[in-house]
Amino acid sequence: CEECKVLFQRAARAYEVLSDPMKRRIYDNEQKMMEKSIQSNTVAITTANYKEEVLTGGDIWVIQVYTDWSDRCQALSPIWEEFCRRTQDTGLKCGRVNLGRDRSLGSRLMGSKDSAPSVTVWSGKKELRRVKWEFADVSVEGLIKWAAQAISERYSVRTISTPSELKRFLSKDDRSRALFVGRANSKDQMAFVLAAGKAGVPLIATTSKLSVGRDAAPSVKPPSVLVFRGDYLSNQDAGL
């Protein structure tokens with residue numbers, strides 16, 4: 001019967017592997033790699049989709065280069081997954097490159113001085129910020145702060161701490177400008193900067209000082225976004 005033929009062929013291949021010491025070692029190593037495979041809900045970045053997803057998509061990406069057999073990569077996995085889950089509604093994209101399966105792309109993104117896990121923020125081909133593990137706060141909140149700082153640098157966001165800085169921000173000309181009032185380097189700030197940057201807002205600023213926010217709009221409650229034309233408040237979006 002046809003089914004018997006298939007079963008016999010499988011048994012013959014298995015015997016061939018088990019009876020050859022080299023093939024058996026290769027098989028055992030592959031099985032160990034499969035058992036240690038790091039699962040993820042984030043996008044798998046490969047040579048095949050890198051251009052479409054990262055280079056021409058117009059998004060900001062946090063990309064992790066990893067290997068399944070690295071203990072450091074295994075340890076980072078739950079932190080990475082929670083970071084990406086927490087930031088998925090901000091407009092930030094998360095993806096991973098498996099160095100063992102796509103060495104060319106993984107090595108290029110990782111760079112010559114880095115090692116797995118390598119975590120970097122990218123805007124197209126431009127590297128915005130790379131985790132320096134010896135100095136990094138390797139926690140979900142630490143990665144959110146790190147990514148928010150990188151995104152603010154990408155869009156030349158100003159940090160406003162005093163009423164005089166606010167006045168200078170608002171009084172230059174009649175261009176549109178947006179001010180985020182809320183916790184510094186937070187998920188809310190990240191979402192605001194990404195949205196304002198993609199919308200092409202010419203001047204973007206943030207303040208964590210409620211007193212400064214209330215100088216701009218007395219009724220403001222953080223987190224909020226204030227949109228101005230010159231020094232005229234044209235829109236207030238509260239409760240982000």
# chains A, B, ... in the order shown; residues from 1 in each chain; ligands from 1
>>> residues_around(residues="A:Phe192", least_positions_apart="4", cutoff="9 Å", atoms="only C-alpha atoms", output="PyMOL selection string")
chain A and resi 90+180+187-188+196-197+225+240
>>> closest_atom_pairs(of="stretch 78-113 of chain A", to="stretch 140-150 of chain A", cutoff="7 Å", atoms="only C-alpha atoms", output="tab-separated table")
residue	atom	partner	partner_atom	distance
A:Ile79	CA	A:Val140	CA	5.7
A:Glu82	CA	A:Val140	CA	6.6
A:Phe83	CA	A:Val140	CA	5.1
>>> select_by_dssp(residues="stretch 64-169 of chain A", states="strand (DSSP E)", output="number ranges by chain")
A: 64-66, 93-98, 118-123, 126-130, 158-159
>>> write_last_selection(atoms="N, CA and C atoms", output="PDB file, in the first residue's frame")
ATOM      1  N   GLN A  64      15.914  43.345  17.254  1.00  0.00           N
ATOM      2  CA  GLN A  64      16.800  42.505  18.062  1.00  0.00           C
ATOM      3  C   GLN A  64      17.441  41.450  17.160  1.00  0.00           C
ATOM      4  N   VAL A  65      18.759  41.361  17.193  1.00  0.00           N
ATOM      5  CA  VAL A  65      19.478  40.265  16.542  1.00  0.00           C
ATOM      6  C   VAL A  65      19.800  39.251  17.632  1.00  0.00           C
ATOM      7  N   TYR A  66      19.404  37.996  17.431  1.00  0.00           N
ATOM      8  CA  TYR A  66      19.499  36.995  18.501  1.00  0.00           C
ATOM      9  C   TYR A  66      19.900  35.637  17.950  1.00  0.00           C
ATOM     10  N   LYS A  93       7.572  49.835  15.837  1.00  0.00           N
ATOM     11  CA  LYS A  93       7.567  48.471  15.325  1.00  0.00           C
ATOM     12  C   LYS A  93       8.683  47.660  15.978  1.00  0.00           C
ATOM     13  N   CYS A  94       8.382  46.396  16.276  1.00  0.00           N
ATOM     14  CA  CYS A  94       9.378  45.488  16.862  1.00  0.00           C
ATOM     15  C   CYS A  94       9.610  44.311  15.923  1.00  0.00           C
ATOM     16  N   GLY A  95      10.865  43.954  15.733  1.00  0.00           N
ATOM     17  CA  GLY A  95      11.180  42.803  14.903  1.00  0.00           C
ATOM     18  C   GLY A  95      12.467  42.131  15.373  1.00  0.00           C
ATOM     19  N   ARG A  96      12.656  40.879  14.956  1.00  0.00           N
ATOM     20  CA  ARG A  96      13.851  40.119  15.341  1.00  0.00           C
ATOM     21  C   ARG A  96      14.500  39.502  14.104  1.00  0.00           C
ATOM     22  N   VAL A  97      15.827  39.436  14.150  1.00  0.00           N
ATOM     23  CA  VAL A  97      16.599  38.739  13.122  1.00  0.00           C
ATOM     24  C   VAL A  97      17.315  37.580  13.786  1.00  0.00           C
ATOM     25  N   ASN A  98      17.086  36.374  13.270  1.00  0.00           N
ATOM     26  CA  ASN A  98      17.754  35.180  13.793  1.00  0.00           C
ATOM     27  C   ASN A  98      19.128  35.071  13.154  1.00  0.00           C
ATOM     28  N   SER A 118      21.605  41.791  20.256  1.00  0.00           N
ATOM     29  CA  SER A 118      21.869  43.172  19.868  1.00  0.00           C
ATOM     30  C   SER A 118      20.520  43.847  19.645  1.00  0.00           C
ATOM     31  N   VAL A 119      20.262  44.942  20.348  1.00  0.00           N
ATOM     32  CA  VAL A 119      18.972  45.638  20.253  1.00  0.00           C
ATOM     33  C   VAL A 119      19.232  47.085  19.846  1.00  0.00           C
ATOM     34  N   THR A 120      18.627  47.493  18.726  1.00  0.00           N
ATOM     35  CA  THR A 120      18.908  48.798  18.137  1.00  0.00           C
ATOM     36  C   THR A 120      17.627  49.422  17.611  1.00  0.00           C
ATOM     37  N   VAL A 121      17.537  50.751  17.704  1.00  0.00           N
ATOM     38  CA  VAL A 121      16.436  51.498  17.096  1.00  0.00           C
ATOM     39  C   VAL A 121      16.894  51.978  15.725  1.00  0.00           C
ATOM     40  N   TRP A 122      16.067  51.720  14.710  1.00  0.00           N
ATOM     41  CA  TRP A 122      16.396  52.077  13.333  1.00  0.00           C
ATOM     42  C   TRP A 122      15.307  52.951  12.730  1.00  0.00           C
ATOM     43  N   SER A 123      15.724  53.943  11.951  1.00  0.00           N
ATOM     44  CA  SER A 123      14.825  54.714  11.085  1.00  0.00           C
ATOM     45  C   SER A 123      15.332  54.524   9.667  1.00  0.00           C
ATOM     46  N   LYS A 126      19.174  54.369   9.001  1.00  0.00           N
ATOM     47  CA  LYS A 126      19.882  55.126  10.030  1.00  0.00           C
ATOM     48  C   LYS A 126      19.726  54.489  11.403  1.00  0.00           C
ATOM     49  N   GLU A 127      20.851  54.202  12.038  1.00  0.00           N
ATOM     50  CA  GLU A 127      20.842  53.702  13.407  1.00  0.00           C
ATOM     51  C   GLU A 127      20.657  54.878  14.359  1.00  0.00           C
ATOM     52  N   LEU A 128      19.608  54.804  15.191  1.00  0.00           N
ATOM     53  CA  LEU A 128      19.313  55.896  16.116  1.00  0.00           C
ATOM     54  C   LEU A 128      19.954  55.670  17.479  1.00  0.00           C
ATOM     55  N   ARG A 129      19.850  54.475  17.993  1.00  0.00           N
ATOM     56  CA  ARG A 129      20.416  54.193  19.315  1.00  0.00           C
ATOM     57  C   ARG A 129      20.553  52.692  19.495  1.00  0.00           C
ATOM     58  N   ARG A 130      21.649  52.288  20.149  1.00  0.00           N
ATOM     59  CA  ARG A 130      21.936  50.871  20.379  1.00  0.00           C
ATOM     60  C   ARG A 130      22.074  50.635  21.881  1.00  0.00           C
ATOM     61  N   ARG A 158      12.268  69.104  21.608  1.00  0.00           N
ATOM     62  CA  ARG A 158      12.799  69.964  22.663  1.00  0.00           C
ATOM     63  C   ARG A 158      12.183  69.576  24.007  1.00  0.00           C
ATOM     64  N   THR A 159      12.971  69.686  25.042  1.00  0.00           N
ATOM     65  CA  THR A 159      12.473  69.484  26.401  1.00  0.00           C
ATOM     66  C   THR A 159      12.335  70.850  27.062  1.00  0.00           C
TER      67      THR A 159
END
>>> atom_distance(atom1="atom CA of A:Trp61", atom2="atom CA of A:Ser208")
25.4 Å
>>> select_by_dssp(residues="stretch 63-213 of chain A", states="helix (DSSP H, G or I)", output="JSON, numbers by chain")
{"A": [71, 72, 73, 74, 75, 76, 77, 78, 79, 80, 81, 82, 83, 84, 85, 86, 87, 103, 104, 105, 106, 107, 108, 109, 110, 140, 141, 142, 143, 144, 145, 146, 147, 148, 149, 150, 151, 152, 153, 154, 163, 164, 165, 166, 167, 168, 169, 170, 187, 188, 189, 190, 191, 192, 193, 194, 195, 196, 197, 198, 199, 210, 211, 212, 213]}
>>> residues_around(residues="A:Asp173", least_positions_apart="2", cutoff="12 Å", atoms="only C-alpha atoms", output="MDAnalysis selection string")
chainID A and resid 167:171 175:177 202:203 228:232
>>> residues_around(residues="A:Asp215", least_positions_apart="5", cutoff="10 Å", atoms="only C-alpha atoms", output="PyMOL selection string")
chain A and resi 162-163+166-167+210+220
>>> closest_residue(among="A:Val138, A:Ala216, A:Val62, A:Ile45", to="A:Arg101", atoms="only C-alpha atoms")
A:Ile45
>>> closest_residue(among="A:Pro117, A:Gly91, A:Gly106, A:Gly111", to="A:Gln74", atoms="only C-alpha atoms")
A:Pro117
>>> atom_distance(atom1="atom CA of A:Ile60", atom2="atom CA of A:Leu194")
8.2 Å
>>> closest_residue(among="A:Asp237, A:Glu153, A:Asp68, A:Asp59", to="A:Ile204", atoms="only C-alpha atoms")
A:Glu153
>>> closest_residue(among="A:Met190, A:Arg183, A:Lys113, A:Ala195", to="A:Lys221", atoms="only C-alpha atoms")
A:Arg183
>>> atom_distance(atom1="atom CA of A:Ala75", atom2="atom CA of A:Ser104")
24.2 Å
>>> decode(residues="stretch 43-150 of chain A", atoms="C-alpha atoms", output="CSV table (one decimal), in the first residue's frame")
chain,number,residue,atom,x,y,z
A,43,VAL,CA,7.9,40.3,13.3
A,44,ALA,CA,10.5,38.0,11.9
A,45,ILE,CA,12.9,40.2,9.9
A,46,THR,CA,14.7,38.4,7.1
A,47,THR,CA,16.7,39.3,4.0
A,48,ALA,CA,13.5,38.6,2.0
A,49,ASN,CA,11.4,41.2,3.9
A,50,TYR,CA,13.9,43.6,5.3
A,51,LYS,CA,13.7,46.2,2.5
A,52,GLU,CA,9.9,46.3,2.4
A,53,GLU,CA,9.4,46.3,6.2
A,54,VAL,CA,12.3,48.4,7.5
A,55,LEU,CA,13.9,50.4,4.7
A,56,THR,CA,10.8,51.6,2.8
A,57,GLY,CA,8.0,51.2,5.3
A,58,GLY,CA,8.5,54.7,6.9
A,59,ASP,CA,8.3,53.3,10.4
A,60,ILE,CA,10.7,53.4,13.4
A,61,TRP,CA,11.8,49.9,14.3
A,62,VAL,CA,13.4,48.3,17.3
A,63,ILE,CA,15.3,45.3,16.0
A,64,GLN,CA,16.8,42.5,18.1
A,65,VAL,CA,19.5,40.3,16.5
A,66,TYR,CA,19.5,37.0,18.5
A,67,THR,CA,20.4,33.3,18.5
A,68,ASP,CA,18.3,30.6,20.0
A,69,TRP,CA,21.2,29.0,21.9
A,70,SER,CA,22.4,32.1,23.7
A,71,ASP,CA,21.6,32.2,27.4
A,72,ARG,CA,21.6,36.0,27.3
A,73,CYS,CA,19.0,35.9,24.4
A,74,GLN,CA,16.9,33.4,26.4
A,75,ALA,CA,17.0,35.7,29.5
A,76,LEU,CA,16.0,38.8,27.5
A,77,SER,CA,13.1,37.1,25.8
A,78,PRO,CA,10.3,37.7,28.4
A,79,ILE,CA,11.5,41.4,28.8
A,80,TRP,CA,11.5,41.8,25.0
A,81,GLU,CA,8.1,40.4,24.6
A,82,GLU,CA,6.5,42.6,27.3
A,83,PHE,CA,8.3,45.7,26.0
A,84,CYS,CA,6.9,45.1,22.5
A,85,ARG,CA,3.4,44.3,23.9
A,86,ARG,CA,3.4,47.5,25.9
A,87,THR,CA,4.5,49.7,23.0
A,88,GLN,CA,2.5,48.0,20.2
A,89,ASP,CA,-0.1,50.8,20.1
A,90,THR,CA,2.4,53.7,20.0
A,91,GLY,CA,3.4,53.2,16.3
A,92,LEU,CA,6.8,51.7,17.2
A,93,LYS,CA,7.6,48.5,15.3
A,94,CYS,CA,9.4,45.5,16.9
A,95,GLY,CA,11.2,42.8,14.9
A,96,ARG,CA,13.9,40.1,15.3
A,97,VAL,CA,16.6,38.7,13.1
A,98,ASN,CA,17.8,35.2,13.8
A,99,LEU,CA,21.5,35.3,13.4
A,100,GLY,CA,21.8,31.6,13.1
A,101,ARG,CA,19.4,31.5,10.1
A,102,ASP,CA,20.2,34.9,8.4
A,103,ARG,CA,23.8,35.5,9.3
A,104,SER,CA,24.4,38.1,6.5
A,105,LEU,CA,21.6,40.5,7.6
A,106,GLY,CA,22.1,39.8,11.3
A,107,SER,CA,25.8,40.5,11.2
A,108,ARG,CA,25.2,43.7,9.2
A,109,LEU,CA,22.6,45.0,11.7
A,110,MET,CA,24.6,43.9,14.7
A,111,GLY,CA,27.8,45.5,13.7
A,112,SER,CA,31.4,44.4,14.2
A,113,LYS,CA,31.6,45.4,17.9
A,114,ASP,CA,28.3,44.1,19.1
A,115,SER,CA,27.1,40.6,20.1
A,116,ALA,CA,23.8,38.8,20.5
A,117,PRO,CA,21.4,39.9,21.8
A,118,SER,CA,21.9,43.2,19.9
A,119,VAL,CA,19.0,45.6,20.3
A,120,THR,CA,18.9,48.8,18.1
A,121,VAL,CA,16.4,51.5,17.1
A,122,TRP,CA,16.4,52.1,13.3
A,123,SER,CA,14.8,54.7,11.1
A,124,GLY,CA,15.3,53.2,7.7
A,125,LYS,CA,19.0,52.7,7.2
A,126,LYS,CA,19.9,55.1,10.0
A,127,GLU,CA,20.8,53.7,13.4
A,128,LEU,CA,19.3,55.9,16.1
A,129,ARG,CA,20.4,54.2,19.3
A,130,ARG,CA,21.9,50.9,20.4
A,131,VAL,CA,21.7,49.2,23.8
A,132,LYS,CA,25.0,49.3,25.6
A,133,TRP,CA,24.4,46.3,27.9
A,134,GLU,CA,27.1,47.3,30.5
A,135,PHE,CA,25.2,50.6,31.1
A,136,ALA,CA,21.6,49.6,30.2
A,137,ASP,CA,18.6,49.3,32.5
A,138,VAL,CA,17.5,45.9,31.1
A,139,SER,CA,13.9,46.0,32.2
A,140,VAL,CA,10.7,46.7,30.4
A,141,GLU,CA,10.6,50.3,31.8
A,142,GLY,CA,14.2,50.8,31.0
A,143,LEU,CA,13.8,49.8,27.3
A,144,ILE,CA,10.7,52.0,27.0
A,145,LYS,CA,12.7,55.0,28.3
A,146,TRP,CA,15.6,54.1,26.0
A,147,ALA,CA,13.4,53.9,22.9
A,148,ALA,CA,11.5,57.1,23.8
A,149,GLN,CA,14.8,59.0,24.0
A,150,ALA,CA,15.9,57.6,20.7
